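Q: Okay, handing you the structure first.
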Amino acid sequence: MEKVTYTEAKKELETIVSAIESGELDVDALTEKVKRASELIAFCKQKLTRTDKELQKILDDIA
């Protein structure tokens with residue numbers, strides 16, 4: 001996946017969810033949007049996990 005920030009990924013995910021919920025996507029577009037959403041979800045989950053570990057390390061170091 002190209003360089004993207006967590007905020008950008010979250011915003012794109014929100015856009016995809018809105019498009020899916022609107023029901024206006026054709027089957028081909030829906031497939032691509034769901035595929036992209038799964039990539040973005042994986043990226044966000046990884047980013048949150050990494051951030052949590054970094055914060056925990058910082059907190060452990062100062063305790």
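The way I read the labels, and the way they are meant: chains A, B, ... in the order of the structure tokens, residue 1 as the first residue of every chain, and ligand 1 as the first ligand shown, with later ones counted on from there.
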Which of chain A end up as helix (DSSP H, G or I) when DSSP is run on this backbone - answer as a PyMOL selection string?
A: chain A and resi 6-22+27-62
Q: Which neighbours of Val4 of chain A fall inside 12 Å, counting only C-alpha atoms, when residues of the same chain fewer than 3 positions from it are skipped, and could you give them as a VMD selection string?
A: chain A and resid 1 7 to 12 39 to 40 43 to 44 47
Q: For Arg36 of chain A, which residue among A:Leu55, A:Leu48, A:Val17, A:Ile62 is the nearest when counting only C-alpha atoms?
A: A:Val17
